[in-house]
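Colleague: Pasting protein26.tsv below, which is TSV, C-alpha atoms and all ligand atoms.
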chain	number	residue	atom	x	y	z
A	1	MET	CA	14.21	-15.37	-116.04
A	2	THR	CA	14.81	-14.04	-112.52
A	3	ARG	CA	15.23	-16.55	-109.76
A	4	LYS	CA	12.29	-17.09	-107.40
A	5	ILE	CA	13.12	-16.63	-103.73
A	6	PRO	CA	10.89	-18.71	-101.44
A	7	PHE	CA	9.92	-17.31	-98.03
A	8	LEU	CA	11.48	-20.32	-96.26
A	9	ARG	CA	13.51	-23.11	-97.74
A	10	PRO	CA	13.57	-25.94	-95.17
A	11	ALA	CA	17.05	-27.42	-94.72
A	12	PRO	CA	16.87	-30.58	-92.64
A	13	PRO	CA	19.84	-32.98	-92.89
A	14	LYS	CA	19.89	-34.92	-96.16
A	15	LEU	CA	18.03	-38.20	-95.67
A	16	SER	CA	20.05	-39.69	-98.54
A	17	GLU	CA	23.24	-39.25	-96.48
A	18	LEU	CA	21.92	-41.07	-93.42
A	19	GLY	CA	21.73	-44.56	-94.94
A	20	GLY	CA	24.34	-46.11	-92.63
A	21	GLN	CA	22.82	-44.72	-89.46
A	22	LEU	CA	19.29	-45.62	-90.53
A	23	ALA	CA	20.48	-49.19	-91.13
A	24	LYS	CA	21.92	-49.19	-87.61
A	25	ILE	CA	18.55	-48.17	-86.14
A	26	GLU	CA	16.90	-50.91	-88.17
A	27	ALA	CA	19.42	-53.50	-86.94
A	28	SER	CA	18.99	-52.40	-83.31
A	29	GLY	CA	15.26	-53.08	-83.44
A	30	ILE	CA	14.70	-49.95	-81.29
A	31	PHE	CA	12.58	-47.34	-83.03
A	32	SER	CA	11.24	-45.20	-80.17
A	33	ASN	CA	10.68	-45.17	-76.36
A	34	TYR	CA	13.64	-42.94	-75.47
A	35	GLY	CA	16.07	-45.20	-77.37
A	36	PRO	CA	19.86	-44.88	-77.69
A	37	VAL	CA	19.87	-42.31	-80.53
A	38	ASN	CA	17.44	-40.14	-78.55
A	39	THR	CA	19.60	-40.45	-75.42
A	40	ASP	CA	22.66	-39.46	-77.43
A	41	LEU	CA	20.71	-36.47	-78.82
A	42	GLU	CA	19.53	-35.24	-75.39
A	43	GLN	CA	23.03	-35.52	-73.95
A	44	SER	CA	24.61	-33.83	-76.97
A	45	LEU	CA	22.12	-30.94	-76.84
A	46	VAL	CA	22.79	-30.28	-73.15
A	47	ARG	CA	26.55	-30.50	-73.71
A	48	GLU	CA	26.79	-28.45	-76.91
A	49	LEU	CA	23.95	-25.92	-76.64
A	50	PHE	CA	23.52	-25.54	-72.86
A	51	SER	CA	27.18	-25.78	-71.76
A	52	GLY	CA	26.48	-29.01	-69.91
A	53	ASN	CA	24.16	-27.20	-67.50
A	54	GLY	CA	20.66	-28.63	-66.79
A	55	SER	CA	18.62	-31.36	-68.49
A	56	CYS	CA	16.45	-31.79	-71.52
A	57	LEU	CA	13.77	-34.02	-72.94
A	58	THR	CA	12.88	-34.46	-76.58
A	59	VAL	CA	9.23	-34.38	-77.62
A	60	CYS	CA	7.51	-35.14	-80.92
A	61	ASN	CA	6.80	-31.41	-81.43
A	62	ALA	CA	6.82	-28.18	-79.41
A	63	THR	CA	3.01	-27.95	-79.21
A	64	ILE	CA	2.86	-31.25	-77.32
A	65	GLY	CA	5.86	-30.08	-75.26
A	66	LEU	CA	3.95	-26.93	-74.23
A	67	MET	CA	0.89	-29.01	-73.34
A	68	LEU	CA	2.97	-31.26	-71.09
A	69	ALA	CA	4.84	-28.45	-69.37
A	70	ILE	CA	1.70	-26.37	-68.75
A	71	ARG	CA	-0.09	-29.46	-67.44
A	72	LEU	CA	2.75	-30.13	-65.01
A	73	ALA	CA	2.86	-26.46	-63.97
A	74	ILE	CA	-0.79	-26.48	-62.89
A	75	GLY	CA	-0.33	-29.66	-60.87
A	76	VAL	CA	-1.67	-33.22	-60.92
A	77	LYS	CA	-4.89	-32.02	-59.28
A	78	PRO	CA	-5.26	-28.47	-60.61
A	79	ASP	CA	-6.76	-25.73	-58.44
A	80	ARG	CA	-9.87	-24.95	-60.51
A	81	SER	CA	-10.08	-21.39	-59.16
A	82	ARG	CA	-6.89	-20.66	-61.11
A	83	ARG	CA	-8.18	-20.69	-64.64
A	84	TYR	CA	-5.92	-18.34	-66.63
A	85	ALA	CA	-2.70	-18.76	-68.61
A	86	LEU	CA	-1.10	-15.35	-69.08
A	87	MET	CA	0.44	-15.04	-72.56
A	88	PRO	CA	0.92	-12.47	-75.31
A	89	SER	CA	-1.66	-12.16	-78.05
A	90	PHE	CA	1.25	-11.74	-80.48
A	91	THR	CA	2.18	-15.41	-80.76
A	92	PHE	CA	1.36	-18.51	-82.78
A	93	ALA	CA	-1.84	-20.50	-82.25
A	94	ALA	CA	0.10	-23.34	-80.56
A	95	THR	CA	0.72	-21.33	-77.37
A	96	ALA	CA	-3.00	-20.78	-76.80
A	97	HIS	CA	-4.02	-24.27	-77.92
A	98	ALA	CA	-1.64	-25.83	-75.39
A	99	ALA	CA	-3.15	-23.80	-72.53
A	100	ILE	CA	-6.70	-24.59	-73.65
A	101	TRP	CA	-5.89	-28.34	-73.79
A	102	ALA	CA	-4.71	-28.00	-70.18
A	103	GLY	CA	-8.16	-26.61	-69.31
A	104	LEU	CA	-7.02	-22.98	-69.05
A	105	THR	CA	-8.31	-19.71	-70.49
A	106	PRO	CA	-5.71	-17.56	-72.30
A	107	LEU	CA	-5.31	-14.16	-70.65
A	108	LEU	CA	-3.82	-12.07	-73.44
A	109	CYS	CA	-1.37	-9.24	-72.86
A	110	ASP	CA	0.22	-6.61	-75.10
A	111	ILE	CA	3.82	-6.51	-76.37
A	112	GLU	CA	6.65	-3.97	-76.16
A	113	PRO	CA	6.63	-1.53	-79.13
A	114	ASP	CA	10.24	-2.22	-80.17
A	115	SER	CA	11.35	-5.72	-79.07
A	116	TRP	CA	7.85	-7.16	-79.66
A	117	LEU	CA	8.33	-9.25	-76.51
A	118	PRO	CA	5.46	-9.51	-73.97
A	119	ALA	CA	5.28	-6.11	-72.22
A	120	HIS	CA	6.44	-6.19	-68.60
A	121	SER	CA	3.97	-3.50	-67.52
A	122	ALA	CA	1.02	-5.22	-69.24
A	123	GLN	CA	1.83	-8.54	-67.57
A	124	ARG	CA	2.17	-6.91	-64.16
A	125	GLN	CA	-1.12	-5.09	-64.63
A	126	LEU	CA	-2.97	-8.32	-65.52
A	127	LEU	CA	-1.31	-10.18	-62.65
A	128	ASP	CA	-2.37	-7.46	-60.24
A	129	GLN	CA	-5.91	-7.70	-61.57
A	130	TYR	CA	-6.24	-11.49	-61.96
A	131	GLY	CA	-3.28	-12.87	-59.94
A	132	SER	CA	-5.19	-15.26	-57.67
A	133	GLU	CA	-6.89	-16.75	-60.74
A	134	VAL	CA	-3.73	-17.18	-62.86
A	135	ALA	CA	-2.41	-20.77	-63.06
A	136	ALA	CA	0.61	-20.20	-65.31
A	137	ILE	CA	2.63	-17.43	-66.94
A	138	VAL	CA	3.50	-18.42	-70.53
A	139	PRO	CA	5.68	-15.76	-72.19
A	140	TYR	CA	6.75	-16.22	-75.81
A	141	ALA	CA	10.30	-15.31	-76.82
A	142	THR	CA	9.09	-13.53	-79.94
A	143	PHE	CA	10.72	-14.82	-83.16
A	144	GLY	CA	13.71	-16.11	-81.12
A	145	ASN	CA	14.41	-12.81	-79.37
A	146	ASN	CA	15.77	-13.13	-75.80
A	147	LEU	CA	13.32	-12.61	-72.95
A	148	ASP	CA	14.57	-11.18	-69.66
A	149	LEU	CA	14.28	-14.47	-67.76
A	150	GLY	CA	15.23	-12.80	-64.46
A	151	PHE	CA	12.00	-10.80	-64.72
A	152	TYR	CA	9.97	-14.03	-65.03
A	153	ASP	CA	11.81	-15.71	-62.18
A	154	GLY	CA	10.92	-12.62	-60.13
A	155	LEU	CA	7.23	-12.81	-61.14
A	156	ALA	CA	7.11	-16.52	-60.26
A	157	LYS	CA	8.45	-15.78	-56.78
A	158	GLU	CA	6.41	-12.63	-56.19
A	159	TYR	CA	3.04	-14.01	-57.33
A	160	GLY	CA	3.68	-17.72	-56.60
A	161	ILE	CA	2.77	-18.66	-60.19
A	162	PRO	CA	4.76	-21.14	-62.32
A	163	VAL	CA	6.34	-20.05	-65.61
A	164	VAL	CA	6.51	-22.03	-68.86
A	165	VAL	CA	8.43	-20.32	-71.67
A	166	ASP	CA	7.41	-20.74	-75.30
A	167	ALA	CA	10.87	-20.58	-76.90
A	168	ALA	CA	9.72	-22.17	-80.17
A	169	ALA	CA	12.10	-20.17	-82.38
A	170	SER	CA	14.97	-19.73	-79.90
A	171	LEU	CA	17.24	-22.75	-80.39
A	172	GLY	CA	20.53	-21.08	-81.32
A	173	SER	CA	19.70	-17.64	-79.81
A	174	LEU	CA	22.32	-16.39	-77.37
A	175	GLY	CA	21.79	-14.29	-74.25
A	176	ASP	CA	24.13	-11.50	-73.08
A	177	ASP	CA	26.39	-14.08	-71.42
A	178	GLY	CA	26.90	-15.89	-74.74
A	179	ASN	CA	24.94	-18.97	-73.59
A	180	THR	CA	21.93	-20.41	-75.41
A	181	PHE	CA	18.77	-18.58	-74.37
A	182	GLY	CA	17.33	-20.38	-71.34
A	183	THR	CA	20.54	-21.93	-70.01
A	184	GLY	CA	20.29	-22.33	-66.23
A	185	PHE	CA	16.60	-21.29	-66.02
A	186	ARG	CA	14.69	-23.21	-63.35
A	187	HIS	CA	11.34	-23.16	-65.24
A	188	PRO	CA	10.82	-25.22	-68.41
A	189	LEU	CA	11.44	-23.75	-71.87
A	190	ILE	CA	10.03	-25.37	-75.00
A	191	TYR	CA	11.88	-25.14	-78.34
A	192	SER	CA	10.67	-26.32	-81.74
A	193	MET	CA	12.80	-28.31	-84.17
A	194	HIS	CA	10.12	-28.24	-86.87
A	195	VAL	CA	11.44	-28.38	-90.42
A	196	THR	CA	10.72	-24.66	-90.97
A	197	LYS	CA	12.75	-23.61	-87.93
A	198	THR	CA	16.45	-22.66	-87.98
A	199	PHE	CA	17.16	-25.98	-86.23
A	200	ALA	CA	15.37	-27.85	-89.01
A	201	THR	CA	14.56	-31.56	-88.65
A	202	SER	CA	11.10	-32.87	-89.56
A	203	GLU	CA	8.75	-32.78	-86.55
A	204	ALA	CA	10.47	-32.48	-83.16
A	205	GLY	CA	10.64	-30.36	-80.04
A	206	LEU	CA	12.77	-29.97	-76.96
A	207	ILE	CA	12.03	-29.15	-73.33
A	208	TYR	CA	14.94	-27.74	-71.33
A	209	CYS	CA	15.04	-27.02	-67.60
A	210	ALA	CA	17.88	-26.43	-65.15
A	211	ASP	CA	15.95	-28.60	-62.67
A	212	ALA	CA	16.49	-32.26	-63.60
A	213	SER	CA	13.49	-33.41	-61.53
A	214	VAL	CA	11.14	-31.33	-63.74
A	215	ILE	CA	12.54	-33.05	-66.84
A	216	SER	CA	12.25	-36.47	-65.24
A	217	THR	CA	8.56	-35.90	-64.36
A	218	LEU	CA	7.87	-34.57	-67.88
A	219	ARG	CA	9.58	-37.67	-69.30
A	220	ALA	CA	7.16	-39.91	-67.39
A	221	MET	CA	4.18	-37.73	-68.39
A	222	GLY	CA	5.29	-38.01	-72.02
A	223	ASN	CA	5.26	-41.79	-71.68
A	224	PHE	CA	1.56	-42.12	-70.71
A	225	GLY	CA	2.16	-40.89	-67.15
A	226	PHE	CA	3.95	-44.15	-66.29
A	227	ASP	CA	6.21	-43.52	-63.32
A	228	HIS	CA	6.39	-47.28	-62.72
A	229	PRO	CA	6.19	-49.81	-65.56
A	230	ARG	CA	2.71	-49.66	-67.07
A	231	THR	CA	1.23	-47.89	-64.06
A	232	ALA	CA	0.02	-44.33	-64.55
A	233	THR	CA	0.67	-42.12	-61.55
A	234	MET	CA	0.18	-38.73	-63.19
A	235	PRO	CA	-1.44	-37.08	-66.24
A	236	GLY	CA	0.05	-38.51	-69.42
A	237	LEU	CA	0.12	-38.64	-73.16
A	238	ASN	CA	2.55	-39.92	-75.77
A	239	SER	CA	5.09	-37.24	-76.67
A	240	LYS	CA	8.05	-39.48	-77.51
A	241	LEU	CA	10.37	-38.73	-80.41
A	242	SER	CA	11.12	-41.59	-82.79
A	243	GLU	CA	14.71	-42.75	-83.22
A	244	VAL	CA	14.63	-41.69	-86.89
A	245	ALA	CA	13.54	-38.14	-85.96
A	246	ALA	CA	16.19	-38.07	-83.21
A	247	LEU	CA	18.82	-39.01	-85.79
A	248	LEU	CA	17.85	-36.03	-87.95
A	249	ALA	CA	18.24	-33.70	-84.95
A	250	LEU	CA	21.58	-35.23	-83.98
A	251	ARG	CA	22.89	-34.61	-87.48
A	252	LYS	CA	21.46	-31.05	-87.55
A	253	LEU	CA	23.49	-30.22	-84.45
A	254	GLN	CA	26.68	-30.64	-86.51
A	255	GLY	CA	27.60	-27.20	-87.83
A	256	PHE	CA	24.47	-25.60	-86.38
A	257	ASP	CA	26.42	-22.60	-85.05
A	258	LYS	CA	27.52	-21.83	-88.63
A	259	VAL	CA	23.89	-21.91	-89.81
A	260	VAL	CA	22.91	-19.40	-87.11
A	261	ARG	CA	25.87	-17.13	-87.93
A	262	TYR	CA	25.17	-17.16	-91.66
A	263	ARG	CA	21.53	-16.22	-91.13
A	264	LEU	CA	22.61	-13.40	-88.83
A	265	HIS	CA	24.94	-12.16	-91.56
A	266	LEU	CA	22.04	-12.06	-94.05
A	267	VAL	CA	19.88	-10.18	-91.54
A	268	GLN	CA	22.63	-7.59	-91.13
A	269	ILE	CA	22.55	-7.03	-94.90
A	270	TYR	CA	18.78	-6.55	-94.74
A	271	GLN	CA	19.26	-4.01	-91.94
A	272	LYS	CA	21.92	-2.11	-93.86
A	273	LEU	CA	19.94	-1.96	-97.11
A	274	LEU	CA	16.61	-1.01	-95.50
A	275	PRO	CA	17.72	1.82	-93.19
A	276	GLU	CA	14.28	3.41	-92.90
A	277	TRP	CA	12.44	0.17	-92.12
A	278	THR	CA	11.76	-0.92	-88.55
A	279	PHE	CA	13.38	-4.18	-87.43
A	280	GLN	CA	12.71	-5.95	-84.15
A	281	ARG	CA	14.98	-4.53	-81.42
A	282	ARG	CA	17.21	-7.40	-80.46
A	283	VAL	CA	17.68	-8.23	-76.77
A	284	GLY	CA	20.72	-10.35	-75.88
A	285	ARG	CA	23.76	-11.22	-77.97
A	286	SER	CA	22.19	-12.87	-81.00
A	287	GLU	CA	19.03	-14.34	-82.41
A	288	ALA	CA	18.58	-17.54	-84.43
A	289	TYR	CA	16.55	-15.86	-87.15
A	290	GLN	CA	13.88	-18.02	-88.79
A	291	PHE	CA	12.80	-15.19	-91.10
A	292	VAL	CA	13.11	-11.40	-91.10
A	293	SER	CA	10.28	-9.34	-89.60
A	294	VAL	CA	9.96	-5.66	-90.58
A	295	LEU	CA	7.53	-2.74	-90.48
A	296	PRO	CA	7.48	-0.33	-93.45
A	297	PRO	CA	8.83	3.22	-92.98
A	298	GLY	CA	6.42	5.55	-91.12
A	299	ARG	CA	5.20	7.38	-94.23
A	300	HIS	CA	4.22	4.00	-95.77
A	301	SER	CA	2.73	2.49	-92.61
A	302	GLY	CA	-0.65	1.61	-94.15
A	303	GLN	CA	0.82	0.13	-97.32
A	304	ARG	CA	1.86	-3.37	-96.35
A	305	GLU	CA	-0.30	-5.10	-98.96
A	306	TYR	CA	1.15	-2.87	-101.70
A	307	PHE	CA	4.71	-3.91	-100.73
A	308	LEU	CA	3.75	-7.57	-100.54
A	309	GLU	CA	2.12	-7.38	-103.96
A	310	ARG	CA	5.36	-5.96	-105.38
A	311	LEU	CA	7.30	-8.86	-103.86
A	312	GLN	CA	4.81	-11.38	-105.19
A	313	ARG	CA	5.08	-9.98	-108.71
A	314	GLU	CA	8.85	-10.53	-108.57
A	315	GLY	CA	8.58	-14.12	-107.32
A	316	ILE	CA	9.61	-13.34	-103.74
A	317	GLY	CA	7.91	-15.30	-100.95
A	318	PHE	CA	6.79	-13.68	-97.69
A	319	GLY	CA	4.61	-14.12	-94.58
A	320	ARG	CA	2.61	-11.97	-92.16
A	321	TYR	CA	3.57	-13.35	-88.74
A	322	PHE	CA	1.53	-12.90	-86.49
A	323	ASP	CA	-1.37	-11.41	-88.36
A	324	PRO	CA	-3.96	-12.32	-87.28
A	325	HIS	CA	-2.71	-12.37	-83.67
A	326	LEU	CA	-4.57	-14.58	-81.17
A	327	ALA	CA	-7.30	-12.12	-80.16
A	328	ALA	CA	-8.03	-11.46	-83.84
A	329	GLN	CA	-8.84	-15.16	-84.47
A	330	PRO	CA	-12.50	-16.02	-83.78
A	331	TYR	CA	-11.85	-19.25	-81.85
A	332	PHE	CA	-9.35	-17.65	-79.47
A	333	ARG	CA	-11.27	-14.37	-79.18
A	334	GLU	CA	-14.27	-16.30	-77.90
A	335	LEU	CA	-12.25	-18.34	-75.41
A	336	SER	CA	-9.85	-15.67	-74.11
A	337	VAL	CA	-9.82	-12.67	-71.83
A	338	CYS	CA	-7.83	-9.71	-73.23
A	339	GLY	CA	-5.96	-6.83	-71.72
A	340	GLU	CA	-5.30	-3.74	-73.82
A	341	LEU	CA	-3.67	-4.80	-77.13
A	342	LYS	CA	-2.74	-1.46	-78.70
A	343	GLU	CA	0.84	-2.30	-79.73
A	344	THR	CA	-0.13	-5.83	-80.76
A	345	SER	CA	-2.77	-4.49	-83.16
A	346	ARG	CA	-0.49	-1.77	-84.52
A	347	ILE	CA	2.35	-4.19	-85.23
A	348	ALA	CA	0.19	-7.08	-86.49
A	349	ASN	CA	-1.44	-4.70	-89.01
A	350	GLN	CA	1.89	-3.68	-90.48
A	351	ILE	CA	4.21	-6.64	-90.06
A	352	MET	CA	5.87	-8.25	-93.06
A	353	SER	CA	7.96	-11.43	-92.80
A	354	LEU	CA	10.74	-11.39	-95.40
A	355	PRO	CA	12.54	-14.47	-96.77
A	356	LEU	CA	15.47	-16.14	-95.09
A	357	SER	CA	17.06	-19.54	-95.60
A	358	ASP	CA	20.42	-21.29	-95.33
A	359	SER	CA	20.71	-21.27	-99.12
A	360	MET	CA	19.80	-17.62	-99.69
A	361	THR	CA	22.72	-15.51	-100.90
A	362	PRO	CA	23.67	-11.88	-100.10
A	363	ALA	CA	22.67	-11.12	-103.73
A	364	ASP	CA	19.18	-12.53	-103.03
A	365	VAL	CA	18.86	-10.28	-99.97
A	366	THR	CA	20.01	-7.29	-102.03
A	367	ARG	CA	17.35	-8.06	-104.63
A	368	VAL	CA	14.55	-8.22	-102.05
A	369	CYS	CA	15.71	-4.92	-100.53
A	370	GLU	CA	15.98	-3.21	-103.93
A	371	ILE	CA	12.38	-4.17	-104.75
A	372	LEU	CA	11.16	-2.77	-101.42
A	373	GLN	CA	13.22	0.42	-101.74
A	374	ASP	CA	12.02	0.91	-105.29
A	375	ALA	CA	8.42	0.47	-104.11
A	376	CYS	CA	9.00	3.25	-101.58
A	377	GLY	CA	9.52	5.59	-104.58
A	401	LIG	C1	5.31	-19.42	-80.95
A	401	LIG	C2	5.20	-20.88	-81.31
A	401	LIG	N1	4.88	-21.76	-80.36
A	401	LIG	C3	4.78	-23.08	-80.63
A	401	LIG	C4	5.01	-23.56	-81.90
A	401	LIG	C5	4.79	-25.01	-82.16
A	401	LIG	O1	5.91	-25.69	-82.64
A	401	LIG	P1	5.74	-27.12	-83.31
A	401	LIG	O2	5.47	-26.88	-84.75
A	401	LIG	O3	7.08	-27.79	-83.08
A	401	LIG	O4	4.63	-27.83	-82.63
A	401	LIG	C6	5.34	-22.68	-82.93
A	401	LIG	C7	5.56	-23.18	-84.29
A	401	LIG	O5	5.85	-22.47	-85.21
A	401	LIG	C8	5.45	-21.30	-82.62
A	401	LIG	O6	5.76	-20.40	-83.58
Can you dump the structure from the file as structure tokens?
Ligand SMILES: Cc1ncc(COP(=O)(O)O)c(C=O)c1O

Modeller:
Amino acid sequence: MTRKIPFLRPAPPKLSELGGQLAKIEASGIFSNYGPVNTDLEQSLVRELFSGNGSCLTVCNATIGLMLAIRLAIGVKPDRSRRYALMPSFTFAATAHAAIWAGLTPLLCDIEPDSWLPAHSAQRQLLDQYGSEVAAIVPYATFGNNLDLGFYDGLAKEYGIPVVVDAAASLGSLGDDGNTFGTGFRHPLIYSMHVTKTFATSEAGLIYCADASVISTLRAMGNFGFDHPRTATMPGLNSKLSEVAALLALRKLQGFDKVVRYRLHLVQIYQKLLPEWTFQRRVGRSEAYQFVSVLPPGRHSGQREYFLERLQREGIGFGRYFDPHLAAQPYFRELSVCGELKETSRIANQIMSLPLSDSMTPADVTRVCEILQDACG
């Protein structure tokens, strides 16, 4: 019988190998509240992923991290005339939910046709139209691709609007300078360490910012808004990461660069064996691929479901990220304002997410590609 290939095969550190460290947490009597394992994790992440530059704060997941950072961006007493959060429609529900929880209306822009990143021209056009009503710019670094952060720093200065970057899939992606995407950026970036991500733990997220004072305010907000013991001085919620979850992340950091490199190697095989298929144009040095997103060759552009059916028949898992995109989901459509979404609709209608995991082999990738090529006829 042929081997099934799941779409994702989560690879968090093995719980069964953490017995000694779990016993240590138990003996310490400290299970949360920015404890010693969490402190070690934050310091290790800054040192090993961000070249010792800037600060970071762990959160219980990236959705809560986005909520906190957007809430801080709009201020303790928000200016109610600024009601929009500019973001792409081609993103996951969490980006829009976080803005809505902060009392904002998503203002949805289109994406670039090749990198699938938020389109510069579309964002500028919406800022020119709605600028005085926009509270925050929330770009998504699509599938871990590298955004041009200089462009966003420029927008923040030109329009006087804060930026919060949804970098959910970017932990491990490297910019042109070889540093982790986001290193040195003065606006907060939020990364996910969910079990399905390349940096797989269980539930966890990370906020990074070059400005330590932003991280320190977010830390207080994430602890009920307590700046002083048990006295709330700002908006707050509980976003703290448990010591057990921090331990998983600390262990995942060991050998993480190898995980990213291996996945990149598998993606290169996909690219070689599917020469007529469209892959996301990569910006920057490398991307920490979570899965592999492709569009069928032009002559098969309306046949996504046929290809997916072929994969299903052969026991190959897949996804359709992000179809439906935000504006195609009833809840968000009702609550959002949309710019033109031509590229978003075109890509969302065709996109196929192909399997990738740490335990997939080059032979597995070859098999997936052979099925797709065979289906092309
Ligand atoms: C674009 C985007 N933003 C935010 C999130 C939320 O991450 P988390 O699951 O850690 O809350 C995800 C999760 O997949 C995502 O894809």

Colleague: Set the cut-off to 10 Å, count all atoms listed in the file, and list whatever residues fall near ligand LIG 401 (chain A) as a PyMOL selection string.

Modeller: chain A and resi 59-66+88+90-98+139-144+165-170+190-197+202-206+290+321-322

Colleague: Around the point (18.7, -41.3, -86.6), in the coordinates given by the file, pick out the residues reaching within 9 Å, counting only C-alpha atoms, and return them as a ChimeraX atom specification.

Modeller: /A:18,21-22,24-25,37-38,242-251

Colleague: Quick one, how far is atom CA of Leu15 of chain A from atom CA of Ser359 of chain A?

Modeller: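 So the two atoms, atom CA of Leu15 of chain A and atom CA of Ser359 of chain A, lie 17.5 Å apart.
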
Colleague: Hey, which of A:Trp116, A:Phe224, A:Tyr331, A:Tyr208 ends up closest to Arg281 of chain A? Count all atoms listed in the file.

Modeller: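 The shortest atom-to-atom distance to Arg281 of chain A comes from A:Trp116.
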
Colleague: Quick one: residues within 9 Å of Thr278 of chain A, only C-alpha atoms counted, chain neighbours fewer than 5 positions away excluded, as a PyMOL selection string?

Modeller: chain A and resi 114+271+293-298

Colleague: Would you write out, as a Markdown table, a table of all residues in segment 297-322 of chain A that have an atom no more than 8 Å from an atom of segment 333-352 of chain A, listing for each the closest atom pair and the distance in Å to one decimal, considering all atoms listed in the file and ordering rows by chain and rising residue number?

Modeller:
| residue | atom | partner | partner_atom | distance |
| --- | --- | --- | --- | --- |
| A:Ser301 | CA | A:Gln350 | CA | 6.6 |
| A:Gly302 | CA | A:Gln350 | CA | 6.9 |
| A:Gln303 | CA | A:Gln350 | CA | 7.9 |
| A:Arg304 | CA | A:Gln350 | CA | 5.9 |
| A:Leu308 | CA | A:Met352 | CA | 7.8 |
| A:Phe318 | CA | A:Met352 | CA | 7.2 |
| A:Gly319 | CA | A:Met352 | CA | 6.2 |
| A:Arg320 | CA | A:Met352 | CA | 5.0 |
| A:Tyr321 | CA | A:Ile351 | CA | 6.9 |
| A:Phe322 | CA | A:Ala348 | CA | 6.0 |

Colleague: Output C-alpha atoms for every residue in the selection just made, as a compact mmCIF listing (two decimals), in the frame of the given file.

Modeller:
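New file out_38.txt:
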# COMPACT_ATOMS: atom_id res chain seq x y z
CA SER A 301 2.73 2.49 -92.61
CA GLY A 302 -0.65 1.61 -94.15
CA GLN A 303 0.82 0.13 -97.32
CA ARG A 304 1.86 -3.37 -96.35
CA LEU A 308 3.75 -7.57 -100.54
CA PHE A 318 6.79 -13.68 -97.69
CA GLY A 319 4.61 -14.12 -94.58
CA ARG A 320 2.61 -11.97 -92.16
CA TYR A 321 3.57 -13.35 -88.74
CA PHE A 322 1.53 -12.90 -86.49

Colleague: Residues of segment 179-225 of chain A within 9 Å of segment 72-83 of chain A: nearest atom pair and distance (Å, one decimal) for each, counting all atoms listed in the file, sorted by chain and number, as a tab-separated table?

Modeller:
residue	atom	partner	partner_atom	distance
A:Val214	CA	A:Leu72	CA	8.6
A:Thr217	CA	A:Leu72	CA	8.2
A:Leu218	CA	A:Leu72	CA	7.4
A:Met221	CA	A:Leu72	CA	8.4

Colleague: Nearest to Gly284 of chain A among A:Gly315, A:Gly225, A:Gly103, A:Gly178, with distances taken over only C-alpha atoms: which residue is it?

Modeller: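 Closest residue, counting only C-alpha atoms: A:Gly178.
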
Colleague: Could you state the separation of atom CA of Glu42 of chain A and atom CA of Phe199 of chain A in Å, given to one decimal place?

Modeller: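 Separation of atom CA of Glu42 of chain A and atom CA of Phe199 of chain A: 14.5 Å.
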
Colleague: Nearest to Phe279 of chain A among A:Pro10, A:Gly131, A:Pro324, A:Pro113, with distances taken over only C-alpha atoms: which residue is it?

Modeller: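 So, comparing all the options, the nearest one is A:Pro113.
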
Colleague: So how far away is atom CA of Phe307 of chain A from atom CA of Gln373 of chain A, in Å?

Modeller: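 We find that atom CA of Gln373 of chain A and atom CA of Phe307 of chain A lie 9.6 Å from each other.
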
Colleague: Pull out segment 272-297 of chain A, keep C-alpha atoms, and write it as a PDB file, in the first residue's frame.

Modeller:
ATOM      1  CA  LYS A 272      12.374  21.800  -9.944  1.00  0.00           C
ATOM      2  CA  LEU A 273       9.779  19.084 -10.554  1.00  0.00           C
ATOM      3  CA  LEU A 274       6.872  21.462 -11.233  1.00  0.00           C
ATOM      4  CA  PRO A 275       8.497  23.880 -13.697  1.00  0.00           C
ATOM      5  CA  GLU A 276       5.222  25.099 -15.203  1.00  0.00           C
ATOM      6  CA  TRP A 277       3.504  25.761 -11.878  1.00  0.00           C
ATOM      7  CA  THR A 278       3.546  29.200 -10.265  1.00  0.00           C
ATOM      8  CA  PHE A 279       5.285  29.484  -6.896  1.00  0.00           C
ATOM      9  CA  GLN A 280       5.259  32.543  -4.653  1.00  0.00           C
ATOM     10  CA  ARG A 281       8.074  34.917  -5.681  1.00  0.00           C
ATOM     11  CA  ARG A 282      10.382  34.982  -2.713  1.00  0.00           C
ATOM     12  CA  VAL A 283      11.579  38.331  -1.366  1.00  0.00           C
ATOM     13  CA  GLY A 284      14.686  38.265   0.840  1.00  0.00           C
ATOM     14  CA  ARG A 285      17.220  35.489   1.375  1.00  0.00           C
ATOM     15  CA  SER A 286      15.023  32.646   2.583  1.00  0.00           C
ATOM     16  CA  GLU A 287      11.612  31.716   3.851  1.00  0.00           C
ATOM     17  CA  ALA A 288      10.680  29.393   6.727  1.00  0.00           C
ATOM     18  CA  TYR A 289       8.173  27.418   4.681  1.00  0.00           C
ATOM     19  CA  GLN A 290       5.179  26.068   6.594  1.00  0.00           C
ATOM     20  CA  PHE A 291       3.721  24.465   3.466  1.00  0.00           C
ATOM     21  CA  VAL A 292       4.104  24.946  -0.287  1.00  0.00           C
ATOM     22  CA  SER A 293       1.688  27.272  -2.086  1.00  0.00           C
ATOM     23  CA  VAL A 294       1.260  26.927  -5.863  1.00  0.00           C
ATOM     24  CA  LEU A 295      -1.030  27.940  -8.716  1.00  0.00           C
ATOM     25  CA  PRO A 296      -1.629  25.418 -11.539  1.00  0.00           C
ATOM     26  CA  PRO A 297      -0.129  26.117 -14.990  1.00  0.00           C
TER      27      PRO A 297
END
